[in-house]
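Data from my_file37.cif: mmCIF, C-alpha atoms and all ligand atoms
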```
data_run
#
loop_
_atom_site.label_atom_id
_atom_site.label_comp_id
_atom_site.auth_asym_id
_atom_site.auth_seq_id
_atom_site.Cartn_x
_atom_site.Cartn_y
_atom_site.Cartn_z
CA MET A 188 -16.76 -10.44 3.65
CA LYS A 189 -17.04 -14.17 3.14
CA ARG A 190 -15.32 -14.92 -0.17
CA ILE A 191 -12.39 -12.67 -0.99
CA LEU A 192 -10.34 -12.23 -4.19
CA VAL A 193 -7.00 -10.45 -3.76
CA THR A 194 -5.32 -9.09 -6.91
CA GLY A 195 -1.60 -8.27 -6.94
CA ALA A 196 -1.26 -10.76 -4.06
CA SER A 197 2.40 -11.61 -4.74
CA GLY A 198 3.53 -8.06 -3.97
CA GLN A 199 4.69 -6.31 -0.81
CA VAL A 200 1.21 -5.64 0.61
CA GLY A 201 -0.46 -8.78 -0.73
CA SER A 202 1.99 -11.20 0.82
CA ASP A 203 1.13 -9.84 4.27
CA LEU A 204 -2.56 -9.11 3.67
CA VAL A 205 -3.42 -12.56 2.27
CA VAL A 206 -2.00 -14.31 5.34
CA THR A 207 -4.05 -12.12 7.70
CA LEU A 208 -7.22 -12.47 5.62
CA ARG A 209 -6.83 -16.26 5.62
CA GLU A 210 -6.39 -16.32 9.39
CA ARG A 211 -9.50 -14.18 9.82
CA TYR A 212 -11.89 -15.56 7.20
CA GLY A 213 -10.52 -19.08 6.54
CA SER A 214 -7.90 -20.11 3.97
CA GLU A 215 -10.47 -21.62 1.63
CA ASN A 216 -12.30 -18.26 1.47
CA VAL A 217 -9.37 -16.18 0.20
CA LEU A 218 -8.21 -16.52 -3.40
CA ALA A 219 -4.80 -14.90 -3.94
CA SER A 220 -4.05 -13.85 -7.52
CA ASP A 221 -1.33 -12.09 -9.48
CA ILE A 222 0.42 -12.25 -12.86
CA ARG A 223 3.45 -13.81 -11.14
CA GLU A 224 3.74 -16.74 -8.75
CA PRO A 225 3.95 -15.80 -5.06
CA GLU A 226 6.88 -16.59 -2.81
CA GLY A 227 6.41 -18.11 0.65
CA ALA A 228 3.18 -18.37 2.59
CA VAL A 229 0.81 -16.91 -0.02
CA GLY A 230 1.57 -19.79 -2.40
CA ARG A 231 1.43 -22.49 0.26
CA GLY A 232 -1.41 -21.47 2.56
CA GLY A 233 -4.46 -21.43 0.26
CA PRO A 234 -5.69 -21.08 -3.31
CA PHE A 235 -3.68 -19.04 -5.82
CA GLU A 236 -4.45 -18.26 -9.49
CA ILE A 237 -2.78 -16.29 -12.24
CA VAL A 238 -5.18 -13.39 -12.94
CA ASP A 239 -4.30 -10.36 -15.08
CA CYS A 240 -6.47 -7.47 -13.91
CA THR A 241 -6.11 -5.71 -17.27
CA ASP A 242 -8.17 -8.53 -18.82
CA HIS A 243 -11.86 -7.90 -18.01
CA GLY A 244 -12.92 -11.44 -18.97
CA VAL A 245 -10.23 -13.09 -16.85
CA MET A 246 -11.14 -10.91 -13.85
CA GLU A 247 -14.84 -11.70 -14.22
CA GLN A 248 -14.22 -15.46 -14.56
CA ALA A 249 -12.09 -15.44 -11.39
CA VAL A 250 -14.82 -13.63 -9.43
CA VAL A 251 -17.58 -15.90 -10.75
CA ARG A 252 -15.65 -19.18 -10.29
CA PHE A 253 -14.64 -18.30 -6.74
CA LYS A 254 -18.07 -16.77 -5.91
CA ALA A 255 -16.20 -13.74 -4.53
CA ASP A 256 -18.18 -11.07 -2.70
CA THR A 257 -15.20 -8.84 -1.90
CA ILE A 258 -12.12 -7.81 -3.92
CA PHE A 259 -8.95 -6.39 -2.40
CA HIS A 260 -7.50 -4.81 -5.54
CA LEU A 261 -3.75 -4.45 -4.94
CA ALA A 262 -2.39 -4.94 -8.47
CA ALA A 263 -0.42 -1.85 -9.46
CA ILE A 264 2.77 -0.38 -10.86
CA LEU A 265 4.51 1.81 -8.25
CA SER A 266 6.06 5.27 -8.61
CA ALA A 267 9.64 4.68 -9.80
CA VAL A 268 8.74 1.76 -12.08
CA GLY A 269 5.81 3.81 -13.39
CA GLU A 270 8.12 6.61 -14.52
CA ALA A 271 10.11 4.05 -16.55
CA ASP A 272 6.94 2.89 -18.36
CA PRO A 273 4.04 5.37 -17.93
CA HIS A 274 1.85 3.60 -20.49
CA ARG A 275 2.00 0.33 -18.57
CA ALA A 276 1.37 2.17 -15.30
CA TYR A 277 -1.76 3.72 -16.83
CA GLU A 278 -2.99 0.39 -18.24
CA VAL A 279 -2.52 -1.55 -15.01
CA ASN A 280 -3.40 1.13 -12.46
CA LEU A 281 -6.41 2.62 -14.22
CA GLY A 282 -7.40 -0.01 -16.79
CA GLY A 283 -7.09 -2.77 -14.19
CA LEU A 284 -9.04 -0.75 -11.63
CA GLU A 285 -11.84 0.08 -14.06
CA ASN A 286 -12.15 -3.63 -14.95
CA THR A 287 -12.24 -4.53 -11.27
CA LEU A 288 -14.91 -1.94 -10.48
CA ASP A 289 -17.01 -2.96 -13.46
CA VAL A 290 -16.85 -6.65 -12.52
CA ALA A 291 -17.72 -5.65 -8.94
CA ARG A 292 -20.73 -3.69 -10.23
CA VAL A 293 -22.09 -6.62 -12.24
CA ARG A 294 -21.20 -9.34 -9.70
CA GLU A 295 -22.11 -7.26 -6.63
CA CYS A 296 -18.75 -7.27 -4.85
CA ALA A 297 -17.36 -4.79 -2.33
CA VAL A 298 -13.95 -3.42 -3.36
CA PHE A 299 -10.95 -2.23 -1.34
CA ILE A 300 -8.82 0.23 -3.33
CA PRO A 301 -5.48 1.41 -1.96
CA SER A 302 -4.48 4.94 -2.83
CA SER A 303 -1.21 6.53 -1.73
CA ILE A 304 0.58 9.64 -0.49
CA ALA A 305 1.49 9.76 -4.20
CA ALA A 306 -2.02 11.09 -4.92
CA PHE A 307 -0.70 14.47 -3.74
CA GLY A 308 1.74 16.82 -5.44
CA PRO A 309 3.97 19.84 -4.97
CA SER A 310 1.04 22.27 -4.61
CA THR A 311 -0.55 20.21 -1.80
CA PRO A 312 -0.04 21.50 1.77
CA PRO A 313 2.66 19.04 2.92
CA ASP A 314 2.56 19.18 6.74
CA PRO A 315 -0.06 18.24 7.61
CA THR A 316 -1.84 17.23 4.41
CA PRO A 317 -5.62 17.51 4.96
CA GLN A 318 -8.09 14.77 3.99
CA VAL A 319 -9.58 16.98 1.29
CA THR A 320 -7.09 19.28 -0.42
CA ILE A 321 -5.28 20.09 -3.68
CA GLN A 322 -4.36 16.93 -5.64
CA ARG A 323 -2.11 17.77 -8.60
CA PRO A 324 0.52 14.96 -8.57
CA THR A 325 3.44 15.08 -11.02
CA THR A 326 4.04 11.32 -11.47
CA ILE A 327 2.02 8.96 -13.68
CA TYR A 328 1.58 6.79 -10.58
CA GLY A 329 0.06 9.75 -8.71
CA VAL A 330 -2.15 10.65 -11.65
CA THR A 331 -3.56 7.10 -11.68
CA LYS A 332 -4.05 7.20 -7.91
CA VAL A 333 -6.10 10.43 -8.01
CA ALA A 334 -8.13 9.16 -10.95
CA GLY A 335 -8.58 5.85 -9.11
CA GLU A 336 -9.94 7.64 -6.04
CA LEU A 337 -12.45 9.46 -8.25
CA LEU A 338 -13.38 6.28 -10.11
CA ALA A 339 -14.02 4.52 -6.80
CA ASP A 340 -16.26 7.40 -5.68
CA TYR A 341 -18.06 7.34 -9.04
CA PHE A 342 -18.83 3.61 -8.91
CA HIS A 343 -20.24 4.07 -5.43
CA LEU A 344 -22.34 7.13 -6.20
CA ARG A 345 -23.56 6.00 -9.63
CA PHE A 346 -23.95 2.23 -9.16
CA GLY A 347 -23.93 1.70 -5.40
CA VAL A 348 -20.75 -0.40 -5.42
CA ASP A 349 -19.37 -0.65 -1.87
CA THR A 350 -15.96 0.88 -2.64
CA ARG A 351 -13.65 1.78 0.25
CA GLY A 352 -10.01 2.68 0.53
CA VAL A 353 -7.11 4.31 2.33
CA ARG A 354 -4.13 6.37 1.24
CA TYR A 355 -1.19 4.27 2.40
CA PRO A 356 1.96 6.12 3.41
CA GLY A 357 5.29 4.49 2.41
CA LEU A 358 5.11 0.94 3.77
CA ILE A 359 7.85 -0.92 5.64
CA SER A 360 7.78 -4.71 5.86
CA TRP A 361 10.04 -7.75 5.97
CA VAL A 362 8.03 -10.53 4.26
CA THR A 363 8.32 -9.39 0.61
CA GLU A 364 10.58 -6.69 -0.75
CA PRO A 365 8.95 -3.59 -2.26
CA GLY A 366 7.99 -3.37 -5.92
CA GLY A 367 9.86 -0.28 -7.18
CA GLY A 368 8.72 2.79 -5.33
CA THR A 369 10.27 5.95 -3.91
CA THR A 370 9.86 4.88 -0.28
CA ASP A 371 11.68 1.55 -0.89
CA TYR A 372 14.80 2.94 0.79
CA ALA A 373 13.08 2.50 4.16
CA VAL A 374 12.99 -1.27 3.58
CA GLU A 375 16.34 -1.67 1.76
CA ILE A 376 18.11 0.02 4.66
CA PHE A 377 17.20 -2.86 7.00
CA TYR A 378 18.49 -5.58 4.62
CA GLU A 379 21.78 -3.70 4.16
CA ALA A 380 22.11 -2.87 7.86
CA ILE A 381 21.87 -6.57 8.75
CA ARG A 382 23.94 -7.88 5.83
CA LYS A 383 26.66 -5.20 5.55
CA GLY A 384 26.30 -2.74 8.42
CA ARG A 385 26.06 0.17 5.96
CA TYR A 386 23.61 1.61 3.45
CA THR A 387 23.84 4.08 0.58
CA CYS A 388 20.55 5.97 0.43
CA PHE A 389 19.04 7.31 -2.80
CA LEU A 390 17.14 10.09 -0.97
CA LYS A 391 18.66 13.07 0.86
CA PRO A 392 19.23 12.80 4.64
CA ASP A 393 16.41 15.27 5.39
CA ALA A 394 13.75 13.90 2.98
CA GLN A 395 10.81 13.49 5.38
CA LEU A 396 7.93 11.29 4.28
CA ASP A 397 4.88 9.80 5.92
CA MET A 398 5.55 6.10 6.66
CA MET A 399 3.80 3.09 8.20
CA TYR A 400 4.70 -0.42 9.36
CA MET A 401 2.89 -3.14 7.41
CA PRO A 402 0.86 -4.59 10.34
CA ASP A 403 -0.80 -1.18 10.72
CA ALA A 404 -1.49 -0.96 6.98
CA ILE A 405 -3.10 -4.41 7.02
CA LYS A 406 -5.13 -3.52 10.09
CA ALA A 407 -6.37 -0.31 8.41
CA SER A 408 -7.30 -2.14 5.20
CA ILE A 409 -9.44 -4.70 7.02
CA GLU A 410 -10.93 -2.21 9.49
CA VAL A 411 -12.09 0.19 6.77
CA MET A 412 -13.79 -2.71 4.95
CA GLU A 413 -15.51 -3.81 8.16
CA ALA A 414 -16.48 -0.27 9.23
CA ASP A 415 -20.12 0.68 9.76
CA PRO A 416 -21.11 2.27 6.41
CA VAL A 417 -23.45 4.67 8.19
CA ARG A 418 -20.43 6.38 9.82
CA LEU A 419 -18.44 6.73 6.58
CA ILE A 420 -18.51 10.24 5.17
CA ASN A 421 -15.36 10.02 3.06
CA ARG A 422 -15.59 6.27 2.28
CA ASN A 423 -12.69 6.18 -0.24
CA ALA A 424 -9.12 7.37 0.09
CA PHE A 425 -8.89 7.99 3.85
CA ASN A 426 -5.61 9.55 4.95
CA ILE A 427 -3.99 7.21 7.49
CA ALA A 428 -0.79 7.99 9.39
CA ALA A 429 1.49 6.38 11.95
CA MET A 430 5.00 7.89 11.80
CA GLN A 431 7.07 10.39 9.88
CA PHE A 432 10.84 10.24 9.45
CA THR A 433 13.82 11.16 7.27
CA PRO A 434 16.57 8.74 6.19
CA GLU A 435 18.81 10.32 8.83
CA LYS A 436 16.25 9.77 11.59
CA LEU A 437 15.65 6.15 10.49
CA ALA A 438 19.41 5.50 10.45
CA ASP A 439 19.66 6.88 14.01
CA ALA A 440 16.87 4.54 15.14
CA ILE A 441 18.66 1.55 13.55
CA LYS A 442 21.96 2.59 15.23
CA LYS A 443 20.32 2.07 18.63
CA HIS A 444 20.35 -1.67 17.76
CA ILE A 445 23.39 -1.82 15.42
CA PRO A 446 25.79 0.82 16.85
CA ASP A 447 28.35 0.44 14.01
CA PHE A 448 25.73 0.98 11.29
CA THR A 449 26.63 3.77 8.85
CA ILE A 450 24.64 5.53 6.14
CA ASP A 451 25.85 7.60 3.21
CA TYR A 452 24.00 9.22 0.33
CA ASP A 453 24.05 8.93 -3.46
CA VAL A 454 20.92 10.88 -4.34
CA ASP A 455 18.81 9.73 -7.31
CA PRO A 456 17.31 12.93 -8.80
CA LEU A 457 14.20 11.10 -10.09
CA ARG A 458 13.20 9.58 -6.77
CA GLN A 459 14.31 12.64 -4.77
CA GLY A 460 12.11 14.78 -7.02
CA ILE A 461 9.17 12.45 -6.39
CA ALA A 462 9.78 12.49 -2.64
CA ASP A 463 9.94 16.30 -2.65
CA SER A 464 6.46 16.39 -4.20
CA TRP A 465 4.83 14.14 -1.56
CA PRO A 466 3.39 14.96 1.87
CA LYS A 467 5.61 15.02 4.93
CA ARG A 468 2.70 14.15 7.21
CA LEU A 469 -0.93 13.18 6.57
CA ASP A 470 -3.76 14.47 8.74
CA ASP A 471 -5.73 11.28 9.50
CA THR A 472 -8.48 12.87 11.61
CA ALA A 473 -11.26 11.65 9.29
CA ALA A 474 -10.16 8.01 9.60
CA ARG A 475 -9.90 8.36 13.38
CA GLU A 476 -13.39 9.89 13.58
CA GLU A 477 -15.22 7.73 11.03
CA TRP A 478 -13.86 4.25 11.81
CA ASP A 479 -11.70 4.67 14.93
CA TRP A 480 -8.38 4.31 13.11
CA GLU A 481 -5.37 4.15 15.42
CA PRO A 482 -1.87 2.83 14.58
CA ASP A 483 0.05 0.45 16.86
CA TYR A 484 3.63 1.11 15.72
CA ASP A 485 5.79 4.22 16.05
CA LEU A 486 9.33 4.49 14.64
CA ASP A 487 11.13 2.74 17.51
CA ALA A 488 8.60 -0.11 17.75
CA MET A 489 8.75 -0.63 13.98
CA VAL A 490 12.57 -0.69 13.87
CA GLU A 491 12.76 -3.21 16.71
CA ASP A 492 10.19 -5.55 15.13
CA MET A 493 11.72 -5.23 11.63
CA LEU A 494 15.19 -6.16 12.90
CA VAL A 495 13.92 -9.14 14.89
CA ASN A 496 11.93 -10.56 11.97
CA LEU A 497 14.40 -9.76 9.20
CA ARG A 498 17.31 -11.27 11.16
CA LYS A 499 15.27 -14.50 11.47
CA LYS A 500 14.38 -14.40 7.77
CA LEU A 501 17.97 -13.80 6.62
CA ALA A 502 19.57 -16.25 9.07
P1 LIG B 1 3.97 -4.37 -5.40
O1 LIG B 1 4.61 -3.76 -6.60
O2 LIG B 1 4.84 -4.98 -4.37
O3 LIG B 1 2.91 -5.47 -5.85
C1 LIG B 1 2.01 -5.24 -6.90
C2 LIG B 1 1.68 -6.56 -7.51
O4 LIG B 1 0.83 -6.32 -8.63
C3 LIG B 1 2.91 -7.32 -8.05
O5 LIG B 1 3.03 -8.57 -7.43
C4 LIG B 1 2.65 -7.43 -9.54
O6 LIG B 1 3.08 -8.65 -10.10
C5 LIG B 1 1.14 -7.30 -9.60
N1 LIG B 1 0.66 -6.88 -10.91
C6 LIG B 1 1.22 -6.01 -11.78
N2 LIG B 1 0.48 -5.95 -12.91
C7 LIG B 1 -0.58 -6.78 -12.74
C8 LIG B 1 -1.67 -7.13 -13.54
N3 LIG B 1 -1.83 -6.63 -14.77
N4 LIG B 1 -2.58 -8.00 -13.03
C9 LIG B 1 -2.43 -8.52 -11.79
N5 LIG B 1 -1.39 -8.25 -11.00
C10 LIG B 1 -0.48 -7.37 -11.46
O7 LIG B 1 3.03 -3.25 -4.78
P2 LIG B 1 2.48 -3.18 -3.28
O8 LIG B 1 3.45 -2.38 -2.51
O9 LIG B 1 2.09 -4.52 -2.81
O10 LIG B 1 1.21 -2.25 -3.50
C11 LIG B 1 -0.13 -2.73 -3.39
C12 LIG B 1 -1.05 -1.53 -3.50
O11 LIG B 1 -0.77 -0.61 -2.44
C13 LIG B 1 -0.86 -0.73 -4.80
O12 LIG B 1 -2.11 -0.21 -5.21
C14 LIG B 1 0.02 0.41 -4.38
O13 LIG B 1 -0.15 1.54 -5.19
C15 LIG B 1 -0.48 0.66 -2.98
N6 LIG B 1 0.50 1.35 -2.13
C16 LIG B 1 1.64 0.72 -1.74
C17 LIG B 1 2.54 1.41 -0.95
C18 LIG B 1 3.82 0.78 -0.48
O14 LIG B 1 4.65 1.47 0.15
N7 LIG B 1 4.05 -0.52 -0.73
C19 LIG B 1 2.27 2.73 -0.54
C20 LIG B 1 1.12 3.33 -1.00
C21 LIG B 1 0.22 2.63 -1.78
C1 LIG B 2 6.00 4.32 -3.82
O1 LIG B 2 7.01 4.81 -3.28
O2 LIG B 2 5.76 4.38 -5.03
C2 LIG B 2 4.98 3.66 -2.92
C3 LIG B 2 3.96 4.63 -2.48
C4 LIG B 2 4.25 5.56 -1.38
O3 LIG B 2 2.89 4.69 -3.03
N1 LIG B 2 5.68 3.07 -1.82
#
```

Output the file's structure as structure tokens, nothing else.
Ligand code: NAD
Ligand code: AKB
Amino acid sequence: MKRILVTGASGQVGSDLVVTLRERYGSENVLASDIREPEGAVGRGGPFEIVDCTDHGVMEQAVVRFKADTIFHLAAILSAVGEADPHRAYEVNLGGLENTLDVARVRECAVFIPSSIAAFGPSTPPDPTPQVTIQRPTTIYGVTKVAGELLADYFHLRFGVDTRGVRYPGLISWVTEPGGGTTDYAVEIFYEAIRKGRYTCFLKPDAQLDMMYMPDAIKASIEVMEADPVRLINRNAFNIAAMQFTPEKLADAIKKHIPDFTIDYDVDPLRQGIADSWPKRLDDTAAREEWDWEPDYDLDAMVEDMLVNLRKKLA
């Protein structure tokens, strides 16, 4: 990786990933792009361009102009927003990905493609969810994630494109707020805990999901792209895992730092239904064996770091 294009760079993952990529490969070698302007460090610390991934020509021009050899393709519509506009979710998540892969084929780029716990559904074994198992998701977001995994495999097998990816769990971070997913509660709760000392959760107290702190997600994304290809059997869509919790368990962990914090529940049937269909815990053995994946943050370490950084940000 010498010249990197990041799509969807203004979002929750991009705003952390771009900063780390710039530190590692040099600011001038990382072009951040999105259809909306970034906030904070992504806009200030290096080049940024408006690039709509659903436009093949625009994507190709960006890759050619920047002489990119690697694309981190983050542009997407997440689960809850996707249910409000399935057509748009399909166009961005699959149309945008197909454009990206096709440009990568012609311009000889490697591509990082994030999948999600959303690529699984109610008939998947939920605890633990194996690397290779039933994938019959019931959201449009999940449908695009499964198809995206297959498309990434296809472009590798058929055209030799160096496609790689992980299935992110729900991600928790403090730099940029999440973009409309089912796991967003696990970020909102921190903002409300600091600002108001209470939070009304849209999932049930016992809704367990697989979750990860953003520094681990960024580490995994870079490590899988730098992994020795000879060792990669799965290549795309590696399960990765770090922690599993319910809203109740997360609230208890926050209470250790903010003893008066309270949580109550006003369950949203749409997002609860989505959460019920997703894995409670991913089996990440393949990632551990094929590229030595290992997370740094458990629940308590994540909560402590989130509160320290978010308090500074909100001060
Ligand atoms: P996000 O919603 O925060 O950011 C996505 C970005 O894509 C936004 O900034 C949006 O403006 C941009 N975008 C939308 N349409 C576009 C288009 N046509 N062209 C270019 N950019 C466009 O999402 P995120 O959380 O940063 O997710 C990044 C990737 O990680 C996605 O593929 C997502 O499915 C995956 N993922 C995220 C999580 C999570 O918890 N955040 C979990 C699993 C997987
Ligand atoms: C969402 O909730 O939609 C995302 C995801 C787990 O993919 N955070």

Legend entry - Counting only C-alpha atoms and all ligand atoms, the residue of A:Gly198, A:Gly233, A:Gly227, A:Pro482 that sits nearest ligand LIG 2 (chain B): A:Gly198

Legend entry - Shell of 6 Å around ligand LIG 1 (chain B) (only C-alpha atoms and all ligand atoms), written as a ChimeraX atom specification: /A:194-201,221-223,238-241,261-265,279,301-303,355-358,365-366

Keeping only C-alpha atoms, write those residues as a PDB file, keeping the file's coordinate frame.
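Result written to out11.pdb:
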```pdb
ATOM      1  CA  THR A 194      -5.320  -9.090  -6.910  1.00  0.00           C
ATOM      2  CA  GLY A 195      -1.600  -8.270  -6.940  1.00  0.00           C
ATOM      3  CA  ALA A 196      -1.260 -10.760  -4.060  1.00  0.00           C
ATOM      4  CA  SER A 197       2.400 -11.610  -4.740  1.00  0.00           C
ATOM      5  CA  GLY A 198       3.530  -8.060  -3.970  1.00  0.00           C
ATOM      6  CA  GLN A 199       4.690  -6.310  -0.810  1.00  0.00           C
ATOM      7  CA  VAL A 200       1.210  -5.640   0.610  1.00  0.00           C
ATOM      8  CA  GLY A 201      -0.460  -8.780  -0.730  1.00  0.00           C
ATOM      9  CA  ASP A 221      -1.330 -12.090  -9.480  1.00  0.00           C
ATOM     10  CA  ILE A 222       0.420 -12.250 -12.860  1.00  0.00           C
ATOM     11  CA  ARG A 223       3.450 -13.810 -11.140  1.00  0.00           C
ATOM     12  CA  VAL A 238      -5.180 -13.390 -12.940  1.00  0.00           C
ATOM     13  CA  ASP A 239      -4.300 -10.360 -15.080  1.00  0.00           C
ATOM     14  CA  CYS A 240      -6.470  -7.470 -13.910  1.00  0.00           C
ATOM     15  CA  THR A 241      -6.110  -5.710 -17.270  1.00  0.00           C
ATOM     16  CA  LEU A 261      -3.750  -4.450  -4.940  1.00  0.00           C
ATOM     17  CA  ALA A 262      -2.390  -4.940  -8.470  1.00  0.00           C
ATOM     18  CA  ALA A 263      -0.420  -1.850  -9.460  1.00  0.00           C
ATOM     19  CA  ILE A 264       2.770  -0.380 -10.860  1.00  0.00           C
ATOM     20  CA  LEU A 265       4.510   1.810  -8.250  1.00  0.00           C
ATOM     21  CA  VAL A 279      -2.520  -1.550 -15.010  1.00  0.00           C
ATOM     22  CA  PRO A 301      -5.480   1.410  -1.960  1.00  0.00           C
ATOM     23  CA  SER A 302      -4.480   4.940  -2.830  1.00  0.00           C
ATOM     24  CA  SER A 303      -1.210   6.530  -1.730  1.00  0.00           C
ATOM     25  CA  TYR A 355      -1.190   4.270   2.400  1.00  0.00           C
ATOM     26  CA  PRO A 356       1.960   6.120   3.410  1.00  0.00           C
ATOM     27  CA  GLY A 357       5.290   4.490   2.410  1.00  0.00           C
ATOM     28  CA  LEU A 358       5.110   0.940   3.770  1.00  0.00           C
ATOM     29  CA  PRO A 365       8.950  -3.590  -2.260  1.00  0.00           C
ATOM     30  CA  GLY A 366       7.990  -3.370  -5.920  1.00  0.00           C
TER      31      GLY A 366
END
```

Inset, instruction - Excluding segment 477-481 of chain A and any residue of its chain fewer than 6 positions from it, enumerate the residues within 6 Å of it, using all atoms listed in the file, and give them as a VMD selection string. - result: chain A and resid 414 418 to 419

Inset, instruction - Mind giving me the straight-line distance from atom CA of Ala267 of chain A to atom CA of Val206 of chain A in Å, one decimal? - result: 26.9 Å

Inset, instruction - List every protein, DNA or RNA residue that has at least one atom no more than 12 Å from (1.3, -20.4, -0.6) in the file's coordinates, counting all atoms listed in the file, and write the result as a count of residues only. - result: 26

Legend entry - Among the residues A:Phe425, A:Tyr277, A:Tyr400, A:Phe448, the one that comes closest to Thr472 of chain A [using all atoms listed in the file]: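 Closest residue, counting all atoms listed in the file: A:Phe425.
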
Inset, instruction - Counting only C-alpha atoms, figure out which residue out of A:Thr363, A:Lys189, A:Val293, A:Lys391 gets nearest to Tyr378 of chain A. - result: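 That would be A:Thr363, the residue with the smallest distance to Tyr378 of chain A.
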
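In this structure, atom CA of Gly282 of chain A sits 28.5 Å away from atom CA of Tyr372 of chain A.
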
Inset, instruction - Rounded to one decimal place, report the atom CA of Asp393 of chain A-atom CA of Lys500 of chain A distance in Å. - result: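 Atom-to-atom, atom CA of Asp393 of chain A and atom CA of Lys500 of chain A are spaced 29.8 Å apart.
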
Taking only residues of segment 353-418 of chain A that have an atom at most 9 Å from an atom of segment 451-467 of chain A, what is each one's shortest atom pair and its distance in Å to one decimal, using all atoms listed in the file, in chain and number order, as JSON lines?
```
{"residue": "A:Gly368", "atom": "CA", "partner": "A:Arg458", "partner_atom": "CA", "distance": 8.3}
{"residue": "A:Thr369", "atom": "CA", "partner": "A:Arg458", "partner_atom": "CA", "distance": 5.5}
{"residue": "A:Thr370", "atom": "CA", "partner": "A:Ala462", "partner_atom": "CA", "distance": 8.0}
{"residue": "A:Arg385", "atom": "CA", "partner": "A:Asp451", "partner_atom": "CA", "distance": 7.9}
{"residue": "A:Tyr386", "atom": "CA", "partner": "A:Asp451", "partner_atom": "CA", "distance": 6.4}
{"residue": "A:Thr387", "atom": "CA", "partner": "A:Asp451", "partner_atom": "CA", "distance": 4.8}
{"residue": "A:Cys388", "atom": "CA", "partner": "A:Tyr452", "partner_atom": "CA", "distance": 4.7}
{"residue": "A:Phe389", "atom": "CA", "partner": "A:Val454", "partner_atom": "CA", "distance": 4.3}
{"residue": "A:Leu390", "atom": "CA", "partner": "A:Val454", "partner_atom": "CA", "distance": 5.1}
{"residue": "A:Lys391", "atom": "CA", "partner": "A:Val454", "partner_atom": "CA", "distance": 6.1}
{"residue": "A:Pro392", "atom": "CA", "partner": "A:Tyr452", "partner_atom": "CA", "distance": 7.4}
{"residue": "A:Ala394", "atom": "CA", "partner": "A:Ala462", "partner_atom": "CA", "distance": 7.0}
{"residue": "A:Gln395", "atom": "CA", "partner": "A:Lys467", "partner_atom": "CA", "distance": 5.4}
{"residue": "A:Leu396", "atom": "CA", "partner": "A:Lys467", "partner_atom": "CA", "distance": 4.4}
{"residue": "A:Asp397", "atom": "CA", "partner": "A:Lys467", "partner_atom": "CA", "distance": 5.4}
```

Take every atom of segment 232-242 of chain A listed in the file, pad by 5 Å on each side, and give me the axis-aligned box centre and edge lengths in Å, one decimal, as JSON.
```
{"center_x": -4.8, "center_y": -13.6, "center_z": -8.1, "size_x": 16.8, "size_y": 25.8, "size_z": 31.4}
```

Legend entry - Nearest candidate to ligand LIG 2 (chain B) (options A:Pro273, A:Pro312, A:Gly329, A:Pro324; using only C-alpha atoms and all ligand atoms):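 Using only C-alpha atoms and all ligand atoms, the shortest distance to ligand LIG 2 (chain B) belongs to A:Gly329.
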
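Of the listed residues (A:Asn216, A:Gln248, A:Asn280, A:Thr449), A:Asn280 comes nearest to ligand LIG 2 (chain B); the distances count all atoms listed in the file.
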
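Selection around (5.1, 18.7, -10.4) with radius 8 Å, counting all atoms listed in the file, yields the residues A:Gly308, A:Pro309, A:Ser310, A:Arg323, A:Pro324, A:Thr325, A:Thr326, A:Ser464.
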
Inset, instruction - Considering only C-alpha atoms and all ligand atoms, state which residue in the set A:Leu284, A:Ile300, A:Thr207, A:Met398 is at the smallest distance from ligand LIG 2 (chain B). - result: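 Using only C-alpha atoms and all ligand atoms, ligand LIG 2 (chain B) sits closest to A:Met398.
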